[in-house]
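Worksheet: one structure, shown below.
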Amino acid sequence: MTKARREGVPGKLLRRLARLSALSFILVVMTFLGLYAGMYLDKLTHMAPNFTFLGLVLGIALGFRGFVQEVLVERRKES
């Protein structure tokens, strides 16, 4: 039996926290994927900051969008 279980933290709460933590990790991963994709395109096209900035903004937007959608799903389950 885990320590959290012995202290009375319900398993359902632990699963929800783990899922939201994973989603925040995905937000960071999407940001870096967008950044590196933009840097790669900049290297191919020699248009230094253009695609890096575009990739970074796109990665942040897509990651944040997915994060917000999942949080809304969790809130609907809660109510």
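Scheme for the structure tokens: letters A, B, ... for chains in order shown; per-chain residue numbers from 1; ligand numbers from 1 in order shown.
The residue set within 10 Å of stretch 66-72 of chain A, counting only C-alpha atoms and dropping same-chain residues fewer than 6 places from it, reads A:Arg19, A:Leu20, A:Ala22, A:Leu23, A:Ser24, A:Phe25, A:Ile26, A:Leu27, A:Met30, A:Glu78.
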Selected residues written out, N, CA and C atoms, as a CSV table (one decimal), in the first residue's frame:
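And here's part_30.csv as it stands now:
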```csv
chain,number,residue,atom,x,y,z
A,19,ARG,N,-2.8,12.7,-14.4
A,19,ARG,CA,-3.2,13.1,-15.8
A,19,ARG,C,-3.0,14.5,-16.1
A,20,LEU,N,-3.3,15.4,-15.2
A,20,LEU,CA,-3.0,16.8,-15.5
A,20,LEU,C,-1.5,17.1,-15.5
A,22,ALA,N,0.7,15.1,-16.6
A,22,ALA,CA,1.1,14.6,-17.9
A,22,ALA,C,0.7,15.6,-19.0
A,23,LEU,N,-0.4,16.2,-18.9
A,23,LEU,CA,-0.8,17.2,-19.9
A,23,LEU,C,0.1,18.4,-19.8
A,24,SER,N,0.5,18.9,-18.7
A,24,SER,CA,1.4,20.0,-18.6
A,24,SER,C,2.8,19.6,-19.2
A,25,PHE,N,3.2,18.4,-19.1
A,25,PHE,CA,4.4,17.9,-19.7
A,25,PHE,C,4.2,18.0,-21.2
A,26,ILE,N,3.1,17.6,-21.7
A,26,ILE,CA,2.8,17.7,-23.2
A,26,ILE,C,2.9,19.1,-23.7
A,27,LEU,N,2.4,20.1,-22.9
A,27,LEU,CA,2.5,21.5,-23.2
A,27,LEU,C,3.9,21.9,-23.4
A,30,MET,N,5.3,20.2,-26.7
A,30,MET,CA,4.8,20.8,-27.9
A,30,MET,C,5.5,22.1,-28.2
A,78,GLU,N,-16.1,16.3,-13.2
A,78,GLU,CA,-16.2,16.7,-11.7
A,78,GLU,C,-17.6,17.1,-11.4
```
